file target_23.txt (compact mmCIF, C-alpha atoms and all ligand atoms)
# COMPACT_ATOMS: atom_id res chain seq x y z
CA MET A 1 0.00 0.00 0.00
CA LEU A 2 1.64 3.19 -1.21
CA LEU A 3 0.87 6.44 0.56
CA GLN A 4 1.07 8.50 -2.61
CA LEU A 5 -1.42 6.24 -4.39
CA SER A 6 -3.90 6.33 -1.53
CA THR A 7 -6.67 8.78 -0.66
CA TRP A 8 -6.87 10.51 2.69
CA LYS A 9 -9.94 8.41 3.47
CA GLU A 10 -7.91 5.26 2.89
CA ILE A 11 -5.16 6.51 5.20
CA GLU A 12 -7.74 7.36 7.84
CA ALA A 13 -9.06 3.80 7.58
CA TYR A 14 -5.51 2.38 7.69
CA LEU A 15 -4.89 4.21 10.96
CA GLU A 16 -7.78 2.25 12.47
CA ARG A 17 -5.79 -0.98 12.05
CA SER A 18 -2.16 0.21 12.21
CA THR A 19 -0.11 3.21 13.26
CA GLY A 20 3.03 1.99 11.48
CA ILE A 21 4.63 3.12 8.24
CA ILE A 22 7.73 2.10 6.30
CA ILE A 23 9.78 4.90 4.74
CA PRO A 24 12.49 3.98 2.20
CA THR A 25 15.65 6.09 2.26
CA GLY A 26 18.34 6.09 -0.41
CA SER A 27 20.84 8.28 -2.16
CA THR A 28 21.39 9.84 -5.57
CA GLU A 29 25.07 9.20 -6.16
CA GLN A 30 27.47 7.48 -8.50
CA HIS A 31 27.57 3.71 -8.20
CA GLY A 32 30.64 2.73 -10.18
CA PRO A 33 31.01 1.81 -13.86
CA ASN A 34 27.71 -0.06 -14.32
CA GLY A 35 25.64 1.00 -11.29
CA LEU A 36 22.72 3.40 -11.61
CA ILE A 37 22.93 6.73 -9.81
CA GLY A 38 19.63 5.92 -8.10
CA THR A 39 20.82 2.52 -6.86
CA ASP A 40 20.46 3.06 -3.11
CA ALA A 41 16.96 4.52 -3.38
CA ILE A 42 15.89 1.81 -5.85
CA CYS A 43 17.08 -0.98 -3.53
CA ALA A 44 15.44 0.41 -0.39
CA GLU A 45 12.23 1.16 -2.26
CA ALA A 46 12.07 -2.31 -3.81
CA VAL A 47 12.35 -4.00 -0.43
CA ALA A 48 9.87 -1.62 1.22
CA ARG A 49 7.36 -1.98 -1.59
CA GLY A 50 7.73 -5.75 -1.47
CA VAL A 51 6.70 -5.68 2.19
CA GLY A 52 3.88 -3.28 1.37
CA GLU A 53 2.52 -5.46 -1.42
CA GLU A 54 2.81 -8.79 0.39
CA HIS A 55 1.59 -7.66 3.79
CA GLY A 56 -0.57 -4.57 3.32
CA VAL A 57 1.87 -2.31 5.15
CA LEU A 58 1.78 1.39 4.28
CA VAL A 59 4.90 2.61 2.48
CA GLY A 60 5.63 6.35 2.38
CA PRO A 61 7.35 8.33 -0.36
CA THR A 62 11.02 7.43 -0.75
CA ILE A 63 13.63 9.92 0.42
CA GLU A 64 15.74 9.65 -2.72
CA LEU A 65 18.49 12.11 -1.80
CA GLY A 66 20.93 11.21 0.93
CA VAL A 67 24.14 12.40 2.52
CA ALA A 68 26.74 11.72 -0.15
CA GLN A 69 29.09 14.71 -0.27
CA PHE A 70 32.08 12.39 -0.80
CA ASN A 71 30.70 11.41 -4.23
CA LEU A 72 30.22 14.95 -5.54
CA GLY A 73 33.39 14.56 -7.62
CA PHE A 74 31.42 12.20 -9.88
CA PRO A 75 28.88 13.86 -12.21
CA GLY A 76 25.25 13.24 -11.35
CA THR A 77 25.67 12.92 -7.60
CA VAL A 78 23.31 15.10 -5.56
CA THR A 79 23.81 15.36 -1.81
CA MET A 80 21.97 16.74 1.15
CA ARG A 81 23.92 18.11 4.03
CA ALA A 82 23.48 16.03 7.17
CA LYS A 83 21.44 18.78 8.82
CA THR A 84 19.13 18.98 5.78
CA LEU A 85 18.39 15.27 6.00
CA MET A 86 17.86 15.55 9.73
CA ALA A 87 15.35 18.36 9.20
CA LEU A 88 13.60 16.43 6.44
CA VAL A 89 13.25 13.30 8.58
CA GLU A 90 11.97 15.34 11.47
CA ASP A 91 9.34 17.07 9.31
CA TYR A 92 8.31 13.75 7.74
CA VAL A 93 7.79 12.15 11.15
CA ARG A 94 6.11 15.14 12.78
CA SER A 95 3.67 15.55 9.88
CA LEU A 96 2.37 12.01 10.22
CA ALA A 97 2.68 11.82 14.01
CA GLY A 98 0.17 14.63 14.28
CA GLN A 99 -2.35 12.42 12.49
CA GLY A 100 -1.87 9.39 14.72
CA PHE A 101 1.11 7.52 13.24
CA GLU A 102 3.41 6.21 15.97
CA ARG A 103 5.88 3.70 14.53
CA PHE A 104 8.21 4.94 11.83
CA TYR A 105 10.39 2.30 10.20
CA PHE A 106 13.04 3.75 7.93
CA LEU A 107 14.26 1.11 5.47
CA ASN A 108 17.62 2.38 4.36
CA GLY A 109 19.82 1.79 1.33
CA HIS A 110 22.73 4.18 1.97
CA GLY A 111 25.40 4.13 4.67
CA GLY A 112 25.82 7.91 4.78
CA ASN A 113 22.24 8.31 5.98
CA ILE A 114 22.61 6.21 9.10
CA ASN A 115 24.17 8.75 11.46
CA PRO A 116 22.03 11.76 10.47
CA ILE A 117 18.76 9.83 10.54
CA ARG A 118 19.50 8.34 13.95
CA ALA A 119 20.50 11.78 15.19
CA ALA A 120 17.15 13.11 13.93
CA PHE A 121 15.37 10.41 15.94
CA GLN A 122 17.17 11.59 19.06
CA ASP A 123 16.07 15.18 18.44
CA ILE A 124 12.47 14.06 17.99
CA TYR A 125 12.58 12.23 21.30
CA ALA A 126 14.41 15.11 22.96
CA ASP A 127 11.67 17.56 22.04
CA ARG A 128 9.12 15.29 23.57
CA GLY A 129 11.12 14.61 26.70
CA MET A 130 11.99 18.24 27.26
CA THR A 131 8.41 19.42 26.91
CA ALA A 132 6.54 16.54 28.50
CA GLY A 133 9.04 15.15 30.97
CA LEU A 134 9.54 11.51 31.86
CA GLY A 135 5.88 10.89 32.62
CA ASN A 136 5.04 10.91 28.92
CA ARG A 137 5.23 7.30 27.76
CA GLY A 138 4.55 5.68 24.43
CA GLY A 139 4.03 7.85 21.41
CA VAL A 140 6.38 8.14 18.49
CA ARG A 141 9.13 5.60 17.96
CA CYS A 142 11.51 5.42 15.05
CA ARG A 143 13.81 2.74 13.74
CA LEU A 144 16.34 2.68 10.95
CA ARG A 145 17.45 -0.55 9.37
CA SER A 146 19.65 -0.93 6.30
CA TRP A 147 18.66 -3.80 4.01
CA TRP A 148 22.13 -5.37 4.09
CA GLU A 149 21.85 -5.77 7.86
CA TYR A 150 19.07 -8.32 7.50
CA GLU A 151 20.41 -11.75 8.35
CA THR A 152 19.11 -13.72 5.36
CA ALA A 153 19.91 -11.00 2.84
CA ASN A 154 23.36 -10.43 4.32
CA LYS A 155 24.21 -14.13 4.20
CA LEU A 156 22.94 -14.39 0.65
CA ARG A 157 25.01 -11.49 -0.65
CA HIS A 158 28.16 -12.95 0.85
CA ASP A 159 27.30 -16.44 -0.41
CA LEU A 160 26.75 -15.02 -3.88
CA TYR A 161 29.76 -12.72 -4.12
CA GLY A 162 32.18 -13.41 -1.28
CA GLU A 163 35.17 -11.08 -1.30
CA TRP A 164 33.90 -9.33 -4.46
CA GLU A 165 30.93 -7.85 -2.63
CA GLY A 166 33.14 -4.99 -1.44
CA PHE A 167 31.82 -1.76 0.11
CA HIS A 168 30.36 0.48 -2.58
CA ALA A 169 28.80 -0.20 -5.96
CA THR A 170 28.45 -3.77 -4.76
CA PRO A 171 27.29 -6.56 -7.06
CA SER A 172 24.35 -7.22 -4.74
CA GLU A 173 22.91 -3.72 -4.94
CA VAL A 174 23.55 -3.52 -8.69
CA ALA A 175 21.82 -6.90 -9.07
CA MET A 176 18.77 -5.62 -7.21
CA THR A 177 18.45 -2.62 -9.53
CA GLN A 178 18.85 -4.94 -12.53
CA HIS A 179 15.86 -6.95 -11.35
CA VAL A 180 13.75 -3.84 -10.81
CA TYR A 181 14.82 -2.04 -14.00
CA PRO A 182 15.96 -4.68 -16.53
CA ASP A 183 15.81 -2.14 -19.36
CA ALA A 184 18.46 -0.02 -17.64
CA ILE A 185 21.10 -2.76 -17.29
CA LYS A 186 24.52 -1.47 -18.38
CA ASN A 187 27.05 -3.85 -19.86
CA VAL A 188 30.41 -2.31 -19.04
CA ALA A 189 33.79 -4.05 -19.10
CA MET A 190 35.80 -3.59 -15.92
CA GLU A 191 38.81 -5.03 -14.18
CA LYS A 192 38.85 -6.72 -10.80
CA PRO A 193 38.81 -4.09 -8.05
CA ARG A 194 41.64 -3.05 -5.82
CA HIS A 195 41.43 -4.41 -2.31
CA VAL A 196 41.26 -1.95 0.58
CA ALA A 197 43.13 -2.11 3.88
CA GLY A 198 41.81 -4.37 6.63
CA THR A 199 41.18 -1.25 8.70
CA PHE A 200 39.00 0.32 6.00
CA TYR A 201 35.68 -0.53 7.55
CA ARG A 202 36.81 0.60 10.98
CA ASP A 203 37.84 4.02 9.67
CA PHE A 204 35.30 4.63 6.89
CA GLY A 205 32.31 2.38 7.64
CA GLY A 206 28.91 4.05 7.38
CA ASP A 207 30.33 6.19 4.55
CA ASN A 208 32.39 8.17 7.00
CA HIS A 209 34.61 9.31 4.13
CA PHE A 210 36.67 12.45 3.64
CA ASP A 211 35.88 15.07 0.99
CA ALA A 212 34.88 14.60 -2.64
CA ALA A 213 38.28 15.33 -4.21
CA ASP A 214 39.97 12.84 -1.91
CA HIS A 215 37.33 10.23 -2.61
CA ARG A 216 37.57 10.48 -6.39
CA ARG A 217 41.36 10.31 -6.24
CA LYS A 218 41.29 7.17 -4.10
CA PHE A 219 38.46 5.42 -5.95
CA PRO A 220 38.76 6.66 -9.54
CA ASP A 221 36.00 4.53 -11.08
CA GLY A 222 33.69 4.92 -8.10
CA ARG A 223 33.85 1.37 -6.79
CA ILE A 224 35.20 0.42 -3.39
CA ALA A 225 36.63 -3.12 -3.56
CA SER A 226 33.60 -4.51 -5.38
CA ASP A 227 33.07 -6.36 -8.65
CA PRO A 228 29.61 -5.32 -9.84
CA SER A 229 30.20 -7.02 -13.21
CA LEU A 230 29.06 -10.17 -11.34
CA ALA A 231 25.55 -8.76 -10.84
CA THR A 232 22.60 -10.53 -12.47
CA PRO A 233 18.89 -9.71 -12.34
CA GLU A 234 18.17 -13.23 -11.06
CA ALA A 235 20.48 -12.69 -8.07
CA GLY A 236 18.75 -9.36 -7.53
CA ARG A 237 15.36 -11.05 -7.44
CA LYS A 238 16.60 -13.46 -4.76
CA LEU A 239 18.22 -10.69 -2.71
CA ILE A 240 15.07 -8.58 -2.74
CA GLY A 241 12.97 -11.60 -1.79
CA ALA A 242 15.28 -12.41 1.13
CA ALA A 243 15.29 -8.82 2.33
CA VAL A 244 11.49 -8.54 2.08
CA GLY A 245 11.07 -11.55 4.35
CA ASP A 246 13.57 -10.24 6.88
CA ALA A 247 12.20 -6.71 6.75
CA PHE A 248 8.64 -7.77 7.43
CA ALA A 249 9.68 -9.88 10.43
CA ASP A 250 11.76 -7.00 11.78
CA TYR A 251 8.98 -4.48 11.19
CA GLN A 252 6.45 -6.72 12.95
CA ALA A 253 8.78 -7.04 15.93
CA PHE A 254 9.17 -3.25 16.01
CA LEU A 255 5.39 -2.76 16.05
CA GLY A 256 5.06 -5.26 18.87
CA GLU A 257 7.78 -3.78 21.08
CA ASP A 258 6.75 -2.66 24.53
NI NI A 301 24.87 1.98 -2.67

call {"tool": "encode", "arguments": {"input": "target_23.txt", "output": "structure tokens", "more": "lines below"}}
Ligand code: NI
result
Amino acid sequence: MLLQLSTWKEIEAYLERSTGIIIPTGSTEQHGPNGLIGTDAICAEAVARGVGEEHGVLVGPTIELGVAQFNLGFPGTVTMRAKTLMALVEDYVRSLAGQGFERFYFLNGHGGNINPIRAAFQDIYADRGMTAGLGNRGGVRCRLRSWWEYETANKLRHDLYGEWEGFHATPSEVAMTQHVYPDAIKNVAMEKPRHVAGTFYRDFGGDNHFDAADHRRKFPDGRIASDPSLATPEAGRKLIGAAVGDAFADYQAFLGED
């Protein structure tokens, strides 16, 4: 059930049976030699919409821009500053919270969004706590989960691609976009990627990269240790299916939390 294809009467009726909503979050940034610029938004949206279609969960409009300043050296990348994304998330949640929504499940496709979105959650709670004090229980709760964190999907991507999964412009995310948009598949020759240091994830995980000039110099074709030439639409179909199953279970658990 998509919010933008619903009427306000339908949303009013939905609120009678559920106060939860799934909101996909992505990025508009380069994704290597054969990856679409919309990859992160496409992946998150595909998983969210899969849950919506199979289980009647309401899915809100995708936040297609993310925090991706490090990719601005590659044409086509559009970033939000972290504070812009925080403000956007806060306005999104507050708008719907005023109408009775209480559980906001952000299904994320981009590492750079994780810190700002979680910081926005803290500001939402802080407002409530500072105005209402500790006696105010229940109410709005937010969660962010990135699709690659889901156990089944995470195992599958590593089973499929092993060391070639890498960190950015991964074969798994490219495969997912190939399943969703088969007419946009790009056949591009590429070499095996360079490996990164064992400390890479510690220092740069969650897209905690330096500036755009540095990033382009270090990763000239946009990939980070990945081989997206291995992507296939069939693998993408399986990955989305795995993530949909995991996401629904996780969302249900979130709704049921005390
Ligand atoms: Ni990505």

call {"tool": "residues_around", "arguments": {"input": "target_23.txt", "residues": "Glu64 (chain A)", "least_positions_apart": "5", "cutoff": "8 Å", "atoms": "only C-alpha atoms", "output": "PyMOL selection string"}}
result
chain A and resi 25-28+38+41

call {"tool": "closest_atom_pairs", "arguments": {"input": "target_23.txt", "of": "chain A", "to": "ligand NI 301 (chain A)", "cutoff": "8 Å", "atoms": "all atoms listed in the file", "output": "CSV"}}
result
residue,atom,partner,partner_atom,distance
A:Ser27,CA,A:NI301,NI,7.5
A:His31,CA,A:NI301,NI,6.4
A:Thr39,CA,A:NI301,NI,5.9
A:Asp40,CA,A:NI301,NI,4.6
A:Gly109,CA,A:NI301,NI,6.4
A:His110,CA,A:NI301,NI,5.6
A:Gly111,CA,A:NI301,NI,7.7
A:His168,CA,A:NI301,NI,5.7
A:Ala169,CA,A:NI301,NI,5.6
A:Thr170,CA,A:NI301,NI,7.1
A:Glu173,CA,A:NI301,NI,6.4

call {"tool": "residues_near_point", "arguments": {"input": "target_23.txt", "point": "(3.3, -3.9, 16.0)", "cutoff": "9 Å", "atoms": "all atoms listed in the file", "output": "NGL selection string"}}
result
:A and (18-20 or 103 or 251-257)

call {"tool": "residues_around", "arguments": {"input": "target_23.txt", "residues": "Ser229 (chain A)", "least_positions_apart": "4", "cutoff": "12 Å", "atoms": "all atoms listed in the file", "output": "PyMOL selection string"}}
result
chain A and resi 32-35+161+164-165+169-175+178+185-193+223+233

call {"tool": "residues_near_point", "arguments": {"input": "target_23.txt", "point": "(15.7, -7.0, -5.7)", "cutoff": "10 Å", "atoms": "only C-alpha atoms", "output": "list in words"}}
result
Ile42, Cys43, Ala44, Glu45, Ala46, Val47, Gly50, Ser172, Glu173, Val174, Ala175, Met176, Thr177, Gln178, His179, Val180, Tyr181, Pro233, Glu234, Ala235, Gly236, Arg237, Lys238, Leu239, Ile240, Gly241, Ala242, Ala243 and Val244 of chain A

call {"tool": "write_last_selection", "arguments": {"input": "target_23.txt", "atoms": "C-alpha atoms", "output": "CSV table (one decimal), in the coordinates of the input"}}
result
chain,number,residue,atom,x,y,z
A,42,ILE,CA,15.9,1.8,-5.8
A,43,CYS,CA,17.1,-1.0,-3.5
A,44,ALA,CA,15.4,0.4,-0.4
A,45,GLU,CA,12.2,1.2,-2.3
A,46,ALA,CA,12.1,-2.3,-3.8
A,47,VAL,CA,12.4,-4.0,-0.4
A,50,GLY,CA,7.7,-5.8,-1.5
A,172,SER,CA,24.4,-7.2,-4.7
A,173,GLU,CA,22.9,-3.7,-4.9
A,174,VAL,CA,23.6,-3.5,-8.7
A,175,ALA,CA,21.8,-6.9,-9.1
A,176,MET,CA,18.8,-5.6,-7.2
A,177,THR,CA,18.4,-2.6,-9.5
A,178,GLN,CA,18.8,-4.9,-12.5
A,179,HIS,CA,15.9,-7.0,-11.4
A,180,VAL,CA,13.8,-3.8,-10.8
A,181,TYR,CA,14.8,-2.0,-14.0
A,233,PRO,CA,18.9,-9.7,-12.3
A,234,GLU,CA,18.2,-13.2,-11.1
A,235,ALA,CA,20.5,-12.7,-8.1
A,236,GLY,CA,18.8,-9.4,-7.5
A,237,ARG,CA,15.4,-11.0,-7.4
A,238,LYS,CA,16.6,-13.5,-4.8
A,239,LEU,CA,18.2,-10.7,-2.7
A,240,ILE,CA,15.1,-8.6,-2.7
A,241,GLY,CA,13.0,-11.6,-1.8
A,242,ALA,CA,15.3,-12.4,1.1
A,243,ALA,CA,15.3,-8.8,2.3
A,244,VAL,CA,11.5,-8.5,2.1
